[in-house]
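Asker: What follows is my_file.cif, mmCIF, C-alpha atoms, pLDDT in the B column; chains and numbers go by the auth columns.
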```
data_upload
#
loop_
_atom_site.group_PDB
_atom_site.id
_atom_site.type_symbol
_atom_site.label_atom_id
_atom_site.label_comp_id
_atom_site.label_asym_id
_atom_site.label_seq_id
_atom_site.Cartn_x
_atom_site.Cartn_y
_atom_site.Cartn_z
_atom_site.B_iso_or_equiv
_atom_site.auth_seq_id
_atom_site.auth_asym_id
ATOM 1 C CA ALA A 1 -18.461 23.258 -17.222 51.00 690 R
ATOM 2 C CA ASP A 2 -16.567 22.271 -14.090 59.00 691 R
ATOM 3 C CA ASN A 3 -17.644 19.994 -11.270 64.00 692 R
ATOM 4 C CA ASP A 4 -19.085 22.855 -9.201 68.00 693 R
ATOM 5 C CA ASP A 5 -21.397 23.771 -12.084 83.00 694 R
ATOM 6 C CA TYR A 6 -22.561 20.172 -12.389 83.00 695 R
ATOM 7 C CA LEU A 7 -23.135 19.919 -8.638 82.00 696 R
ATOM 8 C CA SER A 8 -25.201 23.102 -8.667 82.00 697 R
ATOM 9 C CA ALA A 9 -27.316 21.737 -11.502 82.00 698 R
ATOM 10 C CA ILE A 10 -27.713 18.371 -9.729 80.00 699 R
ATOM 11 C CA SER A 11 -28.770 20.096 -6.507 80.00 700 R
ATOM 12 C CA LEU A 12 -31.393 22.132 -8.345 83.00 701 R
ATOM 13 C CA ILE A 13 -32.747 19.111 -10.229 83.00 702 R
ATOM 14 C CA GLN A 14 -32.872 17.066 -7.008 80.00 703 R
ATOM 15 C CA LYS A 15 -35.106 19.739 -5.481 80.00 704 R
ATOM 16 C CA LEU A 16 -37.388 19.478 -8.492 79.00 705 R
ATOM 17 C CA ASP A 17 -37.298 15.699 -8.202 75.00 706 R
ATOM 18 C CA ARG A 18 -38.561 15.897 -4.622 81.00 707 R
ATOM 19 C CA GLN A 19 -41.427 18.096 -5.807 80.00 708 R
ATOM 20 C CA LEU A 20 -42.098 16.044 -8.948 80.00 709 R
ATOM 21 C CA PRO A 21 -40.827 12.540 -8.103 82.00 710 R
ATOM 22 C CA ASP A 22 -42.473 10.857 -11.074 81.00 711 R
ATOM 23 C CA ASP A 23 -41.641 13.422 -13.719 82.00 712 R
ATOM 24 C CA PRO A 24 -39.694 11.583 -16.464 85.00 713 R
ATOM 25 C CA GLU A 25 -38.047 14.764 -17.765 86.00 714 R
ATOM 26 C CA VAL A 26 -36.698 15.658 -14.312 79.00 715 R
ATOM 27 C CA ASN A 27 -35.377 12.124 -13.856 82.00 716 R
ATOM 28 C CA THR A 28 -33.739 12.224 -17.278 86.00 717 R
ATOM 29 C CA GLN A 29 -32.038 15.541 -16.574 86.00 718 R
ATOM 30 C CA LEU A 30 -30.814 14.283 -13.200 81.00 719 R
ATOM 31 C CA THR A 31 -29.272 11.224 -14.859 83.00 720 R
ATOM 32 C CA ILE A 32 -27.622 13.372 -17.538 88.00 721 R
ATOM 33 C CA TYR A 33 -25.995 15.759 -15.071 88.00 722 R
ATOM 34 C CA GLU A 34 -24.919 13.006 -12.694 88.00 723 R
ATOM 35 C CA THR A 35 -23.251 11.243 -15.628 90.00 724 R
ATOM 36 C CA LEU A 36 -21.511 14.458 -16.679 91.00 725 R
ATOM 37 C CA TYR A 37 -20.305 15.004 -13.103 91.00 726 R
ATOM 38 C CA VAL A 38 -18.954 11.460 -12.801 94.00 727 R
ATOM 39 C CA ASP A 39 -17.201 11.678 -16.173 94.00 728 R
ATOM 40 C CA GLN A 40 -15.572 14.962 -15.191 94.00 729 R
ATOM 41 C CA ALA A 41 -14.462 13.550 -11.819 95.00 730 R
ATOM 42 C CA LEU A 42 -12.898 10.505 -13.488 97.00 731 R
ATOM 43 C CA LYS A 43 -11.118 12.698 -16.030 96.00 732 R
ATOM 44 C CA THR A 44 -9.751 14.983 -13.300 96.00 733 R
ATOM 45 C CA ALA A 45 -8.545 12.016 -11.237 97.00 734 R
ATOM 46 C CA GLU A 46 -6.754 10.598 -14.263 97.00 735 R
ATOM 47 C CA GLN A 47 -5.023 13.931 -14.875 97.00 736 R
ATOM 48 C CA PHE A 48 -3.714 13.982 -11.298 97.00 737 R
ATOM 49 C CA PHE A 49 -2.525 10.364 -11.508 98.00 738 R
ATOM 50 C CA VAL A 50 0.794 11.012 -13.259 97.00 739 R
ATOM 51 C CA THR A 51 2.795 8.306 -11.425 97.00 740 R
ATOM 52 C CA TYR A 52 1.840 5.653 -8.886 97.00 741 R
ATOM 53 C CA THR A 53 2.860 7.968 -6.036 96.00 742 R
ATOM 54 C CA ASP A 54 0.007 10.301 -7.036 98.00 743 R
ATOM 55 C CA TYR A 55 -2.656 7.741 -6.121 98.00 744 R
ATOM 56 C CA ASP A 56 -3.758 9.804 -3.098 98.00 745 R
ATOM 57 C CA LYS A 57 -4.477 12.870 -5.242 97.00 746 R
ATOM 58 C CA ALA A 58 -6.627 10.863 -7.637 98.00 747 R
ATOM 59 C CA LEU A 59 -8.317 9.064 -4.751 98.00 748 R
ATOM 60 C CA GLU A 60 -9.267 12.367 -3.139 97.00 749 R
ATOM 61 C CA ILE A 61 -11.160 13.352 -6.299 96.00 750 R
ATOM 62 C CA ILE A 62 -12.995 10.017 -6.448 97.00 751 R
ATOM 63 C CA ASN A 63 -13.893 10.037 -2.754 97.00 752 R
ATOM 64 C CA GLU A 64 -15.274 13.553 -3.046 94.00 753 R
ATOM 65 C CA ALA A 65 -17.419 12.494 -6.005 95.00 754 R
ATOM 66 C CA LEU A 66 -18.770 9.532 -4.029 95.00 755 R
ATOM 67 C CA MET A 67 -19.983 11.937 -1.367 91.00 756 R
ATOM 68 C CA TYR A 68 -22.441 13.338 -3.911 89.00 757 R
ATOM 69 C CA ILE A 69 -23.074 10.356 -6.181 90.00 758 R
ATOM 70 C CA ASN A 70 -23.570 7.317 -3.984 84.00 759 R
ATOM 71 C CA ASP A 71 -23.021 3.760 -5.145 85.00 760 R
ATOM 72 C CA ASN A 72 -21.846 4.561 -8.656 94.00 761 R
ATOM 73 C CA ASP A 73 -20.185 1.545 -10.281 96.00 762 R
ATOM 74 C CA GLU A 74 -17.522 3.538 -12.127 97.00 763 R
ATOM 75 C CA LEU A 75 -16.585 5.594 -9.093 97.00 764 R
ATOM 76 C CA ASN A 76 -16.452 2.479 -6.917 97.00 765 R
ATOM 77 C CA TYR A 77 -14.223 0.738 -9.456 98.00 766 R
ATOM 78 C CA TYR A 78 -11.734 3.595 -9.640 98.00 767 R
ATOM 79 C CA GLN A 79 -11.768 4.078 -5.887 98.00 768 R
ATOM 80 C CA GLU A 80 -10.572 0.478 -5.523 97.00 769 R
ATOM 81 C CA TYR A 81 -8.123 0.945 -8.411 98.00 770 R
ATOM 82 C CA TYR A 82 -6.390 3.983 -6.924 98.00 771 R
ATOM 83 C CA GLU A 83 -6.416 2.454 -3.427 98.00 772 R
ATOM 84 C CA SER A 84 -4.450 -0.491 -4.823 98.00 773 R
ATOM 85 C CA PHE A 85 -1.412 1.811 -5.264 98.00 774 R
ATOM 86 C CA ALA A 86 -1.235 2.666 -1.570 98.00 775 R
ATOM 87 C CA PRO A 87 1.889 1.198 0.107 98.00 776 R
ATOM 88 C CA VAL A 88 1.119 -1.789 2.335 98.00 777 R
ATOM 89 C CA ASP A 89 2.833 -2.270 5.705 98.00 778 R
ATOM 90 C CA VAL A 90 3.717 -5.979 5.724 98.00 779 R
ATOM 91 C CA TYR A 91 3.902 -5.887 9.538 97.00 780 R
ATOM 92 C CA ASN A 92 0.098 -5.690 9.657 97.00 781 R
ATOM 93 C CA MET A 93 -0.668 -8.150 6.858 98.00 782 R
ATOM 94 C CA GLU A 94 -2.367 -11.484 7.462 97.00 783 R
ATOM 95 C CA ILE A 95 0.168 -14.309 7.656 98.00 784 R
ATOM 96 C CA LEU A 96 -0.272 -17.238 5.280 98.00 785 R
ATOM 97 C CA LYS A 97 2.110 -19.538 7.147 97.00 786 R
ATOM 98 C CA GLY A 98 5.134 -19.464 9.408 98.00 787 R
ATOM 99 C CA LYS A 99 5.876 -16.954 12.141 96.00 788 R
ATOM 100 C CA ALA A 100 7.019 -13.345 12.241 95.00 789 R
ATOM 101 C CA ASN A 101 9.064 -12.411 15.308 93.00 790 R
ATOM 102 C CA LYS A 102 7.587 -8.945 15.646 95.00 791 R
ATOM 103 C CA SER A 103 8.643 -5.979 17.735 94.00 792 R
ATOM 104 C CA PRO A 104 6.732 -2.676 17.800 96.00 793 R
ATOM 105 C CA TYR A 105 10.026 -0.790 17.879 93.00 794 R
ATOM 106 C CA GLU A 106 13.788 -1.252 18.283 92.00 795 R
ATOM 107 C CA THR A 107 16.680 1.209 18.517 90.00 796 R
ATOM 108 C CA ASP A 108 19.756 0.400 16.467 88.00 797 R
ATOM 109 C CA ILE A 109 23.370 0.702 17.564 82.00 798 R
ATOM 110 C CA TYR A 110 23.483 4.272 16.228 87.00 799 R
ATOM 111 C CA GLY A 111 20.474 5.413 18.240 90.00 800 R
ATOM 112 C CA THR A 112 17.951 5.407 15.396 93.00 801 R
ATOM 113 C CA LYS A 113 14.494 4.149 16.342 95.00 802 R
ATOM 114 C CA PHE A 114 12.755 1.748 13.962 96.00 803 R
ATOM 115 C CA GLU A 115 9.085 0.810 14.215 96.00 804 R
ATOM 116 C CA ASN A 116 7.128 -2.302 13.180 97.00 805 R
ATOM 117 C CA CYS A 117 10.153 -4.588 13.063 95.00 806 R
ATOM 118 C CA PHE A 118 10.736 -8.220 12.134 94.00 807 R
ATOM 119 C CA CYS A 119 13.537 -9.623 14.258 88.00 808 R
ATOM 120 C CA TYR A 120 15.801 -12.662 14.287 83.00 809 R
ATOM 121 C CA GLY A 121 13.802 -15.895 14.145 86.00 810 R
ATOM 122 C CA THR A 122 11.336 -14.665 11.558 93.00 811 R
ATOM 123 C CA ASP A 123 10.304 -17.178 8.921 96.00 812 R
ATOM 124 C CA VAL A 124 7.018 -16.033 7.499 97.00 813 R
ATOM 125 C CA THR A 125 5.079 -16.309 4.246 98.00 814 R
ATOM 126 C CA TYR A 126 2.459 -13.939 2.841 98.00 815 R
ATOM 127 C CA PHE A 127 -0.001 -14.336 -0.010 98.00 816 R
ATOM 128 C CA LEU A 128 0.456 -11.467 -2.465 98.00 817 R
ATOM 129 C CA ASP A 129 -1.876 -12.682 -5.204 97.00 818 R
ATOM 130 C CA ALA A 130 0.416 -10.997 -7.779 98.00 819 R
ATOM 131 C CA LYS A 131 -0.919 -7.585 -6.724 97.00 820 R
ATOM 132 C CA TYR A 132 2.395 -5.844 -6.087 98.00 821 R
ATOM 133 C CA ASN A 133 5.539 -4.830 -7.953 98.00 822 R
ATOM 134 C CA THR A 134 8.112 -4.013 -5.276 98.00 823 R
ATOM 135 C CA PHE A 135 9.103 -5.253 -1.838 98.00 824 R
ATOM 136 C CA SER A 136 11.269 -2.921 0.230 98.00 825 R
ATOM 137 C CA ALA A 137 12.690 -2.884 3.753 97.00 826 R
ATOM 138 C CA THR A 138 15.471 -1.476 5.925 96.00 827 R
ATOM 139 C CA MET A 139 17.946 -3.852 7.611 90.00 828 R
ATOM 140 C CA PHE A 140 19.541 -2.760 10.903 88.00 829 R
ATOM 141 C CA GLY A 141 21.467 -4.142 13.884 81.00 830 R
ATOM 142 C CA TYR A 142 20.644 -3.443 17.519 78.00 831 R
ATOM 143 C CA ASN A 143 23.226 -5.506 19.447 66.00 832 R
ATOM 144 C CA LYS A 144 25.691 -3.419 21.486 61.00 833 R
ATOM 145 C CA ALA A 145 27.193 -6.418 23.264 59.00 834 R
ATOM 146 C CA ASN A 146 29.969 -6.771 20.682 51.00 835 R
ATOM 147 C CA SER A 147 29.227 -10.459 20.244 55.00 836 R
ATOM 148 C CA GLY A 148 29.740 -10.272 16.506 55.00 837 R
ATOM 149 C CA SER A 149 26.732 -12.438 15.738 60.00 838 R
ATOM 150 C CA SER A 150 25.970 -12.956 12.060 72.00 839 R
ATOM 151 C CA ILE A 151 22.583 -12.897 10.406 77.00 840 R
ATOM 152 C CA CYS A 152 21.369 -14.026 7.008 83.00 841 R
ATOM 153 C CA LEU A 153 18.355 -12.373 5.391 90.00 842 R
ATOM 154 C CA LYS A 154 16.590 -14.297 2.648 94.00 843 R
ATOM 155 C CA VAL A 155 13.538 -13.468 0.577 97.00 844 R
ATOM 156 C CA TYR A 156 11.758 -16.114 -1.489 98.00 845 R
ATOM 157 C CA ALA A 157 9.258 -15.617 -4.303 98.00 846 R
ATOM 158 C CA ASP A 158 7.058 -18.650 -4.950 98.00 847 R
ATOM 159 C CA GLY A 159 9.716 -20.911 -3.440 97.00 848 R
ATOM 160 C CA LYS A 160 12.754 -19.399 -5.200 97.00 849 R
ATOM 161 C CA ILE A 161 15.330 -17.156 -3.548 97.00 850 R
ATOM 162 C CA ILE A 162 15.223 -13.647 -5.032 97.00 851 R
ATOM 163 C CA TYR A 163 17.353 -11.932 -2.366 96.00 852 R
ATOM 164 C CA GLU A 164 20.052 -13.196 -0.002 94.00 853 R
ATOM 165 C CA LYS A 165 22.396 -11.227 2.242 88.00 854 R
ATOM 166 C CA ASN A 166 24.849 -13.211 4.358 83.00 855 R
ATOM 167 C CA ASN A 167 27.256 -12.376 7.184 74.00 856 R
ATOM 168 C CA ILE A 168 25.328 -9.378 8.484 72.00 857 R
ATOM 169 C CA GLU A 169 27.123 -8.414 11.712 65.00 858 R
ATOM 170 C CA ASP A 170 24.482 -7.297 14.174 56.00 859 R
ATOM 171 C CA ASN A 171 26.864 -5.133 16.243 59.00 860 R
ATOM 172 C CA ASP A 172 28.505 -3.386 13.290 65.00 861 R
ATOM 173 C CA ILE A 173 25.809 -3.008 10.655 77.00 862 R
ATOM 174 C CA LYS A 174 24.867 0.361 9.261 84.00 863 R
ATOM 175 C CA PRO A 175 21.182 0.420 8.268 90.00 864 R
ATOM 176 C CA PHE A 176 20.709 -0.309 4.595 92.00 865 R
ATOM 177 C CA ASP A 177 17.688 -0.435 2.313 95.00 866 R
ATOM 178 C CA ILE A 178 16.669 -3.244 0.024 95.00 867 R
ATOM 179 C CA GLU A 179 14.195 -3.137 -2.847 97.00 868 R
ATOM 180 C CA ILE A 180 13.147 -6.213 -4.799 97.00 869 R
ATOM 181 C CA ASP A 181 10.933 -6.708 -7.833 98.00 870 R
ATOM 182 C CA VAL A 182 8.008 -8.953 -6.859 98.00 871 R
ATOM 183 C CA THR A 183 5.913 -8.510 -9.991 98.00 872 R
ATOM 184 C CA GLY A 184 3.727 -11.566 -10.547 98.00 873 R
ATOM 185 C CA VAL A 185 4.642 -13.156 -7.194 98.00 874 R
ATOM 186 C CA SER A 186 1.913 -15.111 -5.405 98.00 875 R
ATOM 187 C CA GLU A 187 3.710 -16.105 -2.193 98.00 876 R
ATOM 188 C CA LEU A 188 6.491 -14.127 -0.515 98.00 877 R
ATOM 189 C CA ARG A 189 8.621 -15.672 2.230 98.00 878 R
ATOM 190 C CA ILE A 190 10.894 -13.639 4.529 97.00 879 R
ATOM 191 C CA VAL A 191 13.593 -15.388 6.585 94.00 880 R
ATOM 192 C CA ASP A 192 15.861 -13.740 9.177 88.00 881 R
ATOM 193 C CA GLU A 193 18.166 -16.484 10.459 78.00 882 R
ATOM 194 C CA LYS A 194 21.461 -16.870 12.291 68.00 883 R
ATOM 195 C CA ILE A 195 24.761 -18.081 10.874 60.00 884 R
ATOM 196 C CA GLY A 196 26.890 -20.332 13.060 55.00 885 R
ATOM 197 C CA LEU A 197 26.317 -21.436 16.651 50.00 886 R
ATOM 198 C CA THR A 198 26.119 -18.124 18.492 53.00 887 R
ATOM 199 C CA SER A 199 22.721 -17.776 20.122 52.00 888 R
ATOM 200 C CA TYR A 200 22.669 -14.031 20.809 53.00 889 R
ATOM 201 C CA HIS A 201 21.445 -12.256 17.694 60.00 890 R
ATOM 202 C CA LYS A 202 19.926 -8.815 17.323 73.00 891 R
ATOM 203 C CA ALA A 203 19.344 -7.709 13.751 77.00 892 R
ATOM 204 C CA GLY A 204 16.031 -6.954 12.126 85.00 893 R
ATOM 205 C CA ILE A 205 14.162 -5.282 9.314 93.00 894 R
ATOM 206 C CA SER A 206 11.778 -2.356 9.387 96.00 895 R
ATOM 207 C CA ASN A 207 9.883 -0.199 6.874 97.00 896 R
ATOM 208 C CA ILE A 208 8.698 -3.488 5.362 98.00 897 R
ATOM 209 C CA THR A 209 6.539 -2.433 2.456 98.00 898 R
ATOM 210 C CA LEU A 210 4.765 -3.842 -0.576 98.00 899 R
ATOM 211 C CA GLN A 211 3.895 -1.433 -3.371 98.00 900 R
ATOM 212 C CA ARG A 212 2.033 -1.563 -6.613 98.00 901 R
ATOM 213 C CA THR A 213 3.840 0.654 -9.121 98.00 902 R
ATOM 214 C CA SER A 214 2.502 -0.527 -12.497 96.00 903 R
ATOM 215 C CA LYS A 215 -0.634 1.110 -13.827 92.00 904 R
#
```
In structure tokens, write the structure found in this file.
Answerer:
Amino acid sequence: ADNDDYLSAISLIQKLDRQLPDDPEVNTQLTIYETLYVDQALKTAEQFFVTYTDYDKALEIINEALMYINDNDELNYYQEYYESFAPVDVYNMEILKGKANKSPYETDIYGTKFENCFCYGTDVTYFLDAKYNTFSATMFGYNKANSGSSICLKVYADGKIIYEKNNIEDNDIKPFDIEIDVTGVSELRIVDEKIGLTSYHKAGISNITLQRTSK
């Protein structure tokens, strides 16, 4: 039987339950069919969840099941499980310490618009609680003044540098992506700092994302 068959049976038994609320046989049958429906929903969700990018397909199945079977422990568990694979926009995360020099959007020297940016002067730490596997972002420059300012981007994992890019020229940089393994990391620190004495710096990062990829 498929889920529609189970739902039809559950609907019929629920009508009987309203007429015979204390009938043990009706209650037993309702429990049996609800269990069958939940098991089928979990199996279907698992089949859709081929890679971590398929979390939304599996989550859709679980959320639909929760519309009919409220407050089911298994469904609630797998709802949280599949939600944990959704990419997280670091821009909106709670800061553990430090400061993020945020900008809602910036346009780079090539005319490309970037949203939810961290700009020069950012030195911020987030608590990851070892929940994620990758950190990714896009670095770009948005200084057209030809000052030739240089930026250094550093990323720390639990106090140790795991990524460092020096001498990033903010008036000559083509946007580039970075992706770093942060598996097992508790605290992640992001630093966007200047090199030398020049005070006019315009380089930032966007598309700043944490992602769970390991099942």
Asker: How would you write, as a list in words, the residues chosen by the PyMOL selection byres ((chain R and resi 902) around 7) on this structure?
Answerer: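 After applying the PyMOL selection byres ((chain R and resi 902) around 7), what remains is Tyr741, Phe774, Asn822, Gln900, Arg901, Ser903 and Lys904 of chain R.
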Asker: Given the choices R:Tyr770, R:Tyr757, R:Tyr794, R:Tyr780, which gets closest to Glu735 (chain R) if the distance is worked out from only C-alpha atoms?
Answerer: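 So, comparing all the options, the nearest one is R:Tyr770.
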Asker: Which is closest to Gly873 (chain R) among R:Asp818, R:Glu804, R:Asp711, R:Asp694, if we use all atoms listed in the file?
Answerer: R:Asp818
Asker: For a test of reading the model, state the distance in Å between CA of Phe865 (chain R) and CA of Met828 (chain R), rounded to one decimal.
Answerer: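 Value for the CA of Phe865 (chain R)-CA of Met828 (chain R) distance: 5.4 Å.
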Asker: For CA of Leu842 (chain R) and CA of Val880 (chain R), determine how far apart the two atoms are, in Å to one decimal place.
Answerer: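 Atom-to-atom, CA of Leu842 (chain R) to CA of Val880 (chain R), that is 5.8 Å.
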Asker: Quick one: distance from CA of Pro710 (chain R) to CA of Ala698 (chain R) in Å, one decimal?
Answerer: 16.7 Å
Asker: Using only C-alpha atoms for the distances, tell me which of R:Lys820, R:Thr827, R:Ile857, R:Ile750 is nearest to Thr801 (chain R).
Answerer: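 Of R:Lys820, R:Thr827, R:Ile857, R:Ile750, the one nearest Thr801 (chain R) is R:Thr827, counting only C-alpha atoms.
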Asker: What would the list of residues within 10 Å of (-20.9, 8.6, -7.7) (file frame) look like as an mmCIF file with C-alpha atoms, keeping the file's coordinate frame, if all atoms listed in the file are what count?
Answerer:
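So part15.cif came out as:
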```cif
data_model
loop_
_atom_site.group_PDB
_atom_site.id
_atom_site.type_symbol
_atom_site.label_atom_id
_atom_site.label_comp_id
_atom_site.auth_asym_id
_atom_site.auth_seq_id
_atom_site.Cartn_x
_atom_site.Cartn_y
_atom_site.Cartn_z
ATOM 1 C CA GLU R 723 -24.919 13.006 -12.694
ATOM 2 C CA THR R 724 -23.251 11.243 -15.628
ATOM 3 C CA TYR R 726 -20.305 15.004 -13.103
ATOM 4 C CA VAL R 727 -18.954 11.460 -12.801
ATOM 5 C CA ASP R 728 -17.201 11.678 -16.173
ATOM 6 C CA ALA R 730 -14.462 13.550 -11.819
ATOM 7 C CA ILE R 751 -12.995 10.017 -6.448
ATOM 8 C CA ASN R 752 -13.893 10.037 -2.754
ATOM 9 C CA GLU R 753 -15.274 13.553 -3.046
ATOM 10 C CA ALA R 754 -17.419 12.494 -6.005
ATOM 11 C CA LEU R 755 -18.770 9.532 -4.029
ATOM 12 C CA MET R 756 -19.983 11.937 -1.367
ATOM 13 C CA TYR R 757 -22.441 13.338 -3.911
ATOM 14 C CA ILE R 758 -23.074 10.356 -6.181
ATOM 15 C CA ASN R 759 -23.570 7.317 -3.984
ATOM 16 C CA ASP R 760 -23.021 3.760 -5.145
ATOM 17 C CA ASN R 761 -21.846 4.561 -8.656
ATOM 18 C CA ASP R 762 -20.185 1.545 -10.281
ATOM 19 C CA GLU R 763 -17.522 3.538 -12.127
ATOM 20 C CA LEU R 764 -16.585 5.594 -9.093
ATOM 21 C CA ASN R 765 -16.452 2.479 -6.917
#
```
Asker: Which of these, R:Phe807, R:Tyr831, R:Tyr815, R:Phe824, has the shortest distance to Ile894 (chain R) once you count all atoms listed in the file?
Answerer: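 Checking each of R:Phe807, R:Tyr831, R:Tyr815, R:Phe824 against Ile894 (chain R), counting all atoms listed in the file, the winner is R:Phe807.
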Asker: I'd like to see the residues matched by the PyMOL selection byres ((chain R and resi 814) around 10) on this file, and ideally I'd get them as JSON, numbers by chain.
Answerer: {"R": [783, 784, 785, 786, 787, 788, 789, 811, 812, 813, 815, 816, 817, 844, 845, 846, 847, 876, 877, 878, 879, 880]}
Asker: Because some atoms of region 730-737 of chain R are absent here, can you restore all heavy atoms and send them as a short mmCIF file (atom, residue, chain, number, x, y, z; two decimals), keeping the file's coordinate frame?
Answerer:
```
data_model
loop_
_atom_site.label_atom_id
_atom_site.label_comp_id
_atom_site.auth_asym_id
_atom_site.auth_seq_id
_atom_site.Cartn_x
_atom_site.Cartn_y
_atom_site.Cartn_z
N ALA R 730 -15.25 13.97 -12.98
CA ALA R 730 -14.46 13.55 -11.82
C ALA R 730 -13.42 12.50 -12.22
O ALA R 730 -12.26 12.56 -11.79
CB ALA R 730 -15.38 13.00 -10.73
N LEU R 731 -13.83 11.54 -13.04
CA LEU R 731 -12.90 10.50 -13.49
C LEU R 731 -11.78 11.10 -14.33
O LEU R 731 -10.61 10.70 -14.21
CB LEU R 731 -13.66 9.44 -14.29
CG LEU R 731 -14.67 8.60 -13.51
CD1 LEU R 731 -15.44 7.69 -14.46
CD2 LEU R 731 -13.99 7.78 -12.42
N LYS R 732 -12.12 12.05 -15.19
CA LYS R 732 -11.12 12.70 -16.03
C LYS R 732 -10.12 13.48 -15.18
O LYS R 732 -8.90 13.44 -15.43
CB LYS R 732 -11.81 13.63 -17.03
CG LYS R 732 -10.86 14.34 -17.98
CD LYS R 732 -11.63 15.24 -18.95
CE LYS R 732 -10.69 15.98 -19.89
NZ LYS R 732 -11.43 16.87 -20.82
N THR R 733 -10.63 14.20 -14.18
CA THR R 733 -9.75 14.98 -13.30
C THR R 733 -8.82 14.07 -12.51
O THR R 733 -7.63 14.35 -12.36
CB THR R 733 -10.59 15.84 -12.34
OG1 THR R 733 -11.46 16.69 -13.09
CG2 THR R 733 -9.70 16.69 -11.45
N ALA R 734 -9.36 12.97 -12.00
CA ALA R 734 -8.54 12.02 -11.24
C ALA R 734 -7.43 11.46 -12.10
O ALA R 734 -6.28 11.33 -11.66
CB ALA R 734 -9.43 10.89 -10.70
N GLU R 735 -7.75 11.15 -13.34
CA GLU R 735 -6.75 10.60 -14.26
C GLU R 735 -5.65 11.62 -14.53
O GLU R 735 -4.47 11.26 -14.64
CB GLU R 735 -7.42 10.19 -15.57
CG GLU R 735 -6.47 9.53 -16.56
CD GLU R 735 -7.17 9.11 -17.85
OE1 GLU R 735 -8.35 9.47 -18.04
OE2 GLU R 735 -6.53 8.42 -18.67
N GLN R 736 -6.01 12.89 -14.63
CA GLN R 736 -5.02 13.93 -14.88
C GLN R 736 -4.06 14.07 -13.70
O GLN R 736 -2.87 14.32 -13.88
CB GLN R 736 -5.73 15.26 -15.15
CG GLN R 736 -6.46 15.30 -16.48
CD GLN R 736 -7.31 16.56 -16.64
OE1 GLN R 736 -7.63 17.25 -15.66
NE2 GLN R 736 -7.68 16.87 -17.88
N PHE R 737 -4.56 13.89 -12.48
CA PHE R 737 -3.71 13.98 -11.30
C PHE R 737 -2.81 12.76 -11.15
O PHE R 737 -1.75 12.84 -10.54
CB PHE R 737 -4.58 14.12 -10.03
CG PHE R 737 -4.99 15.53 -9.74
CD1 PHE R 737 -6.30 15.94 -9.92
CD2 PHE R 737 -4.07 16.46 -9.26
CE1 PHE R 737 -6.69 17.24 -9.64
CE2 PHE R 737 -4.45 17.76 -8.96
CZ PHE R 737 -5.76 18.15 -9.16
#
```
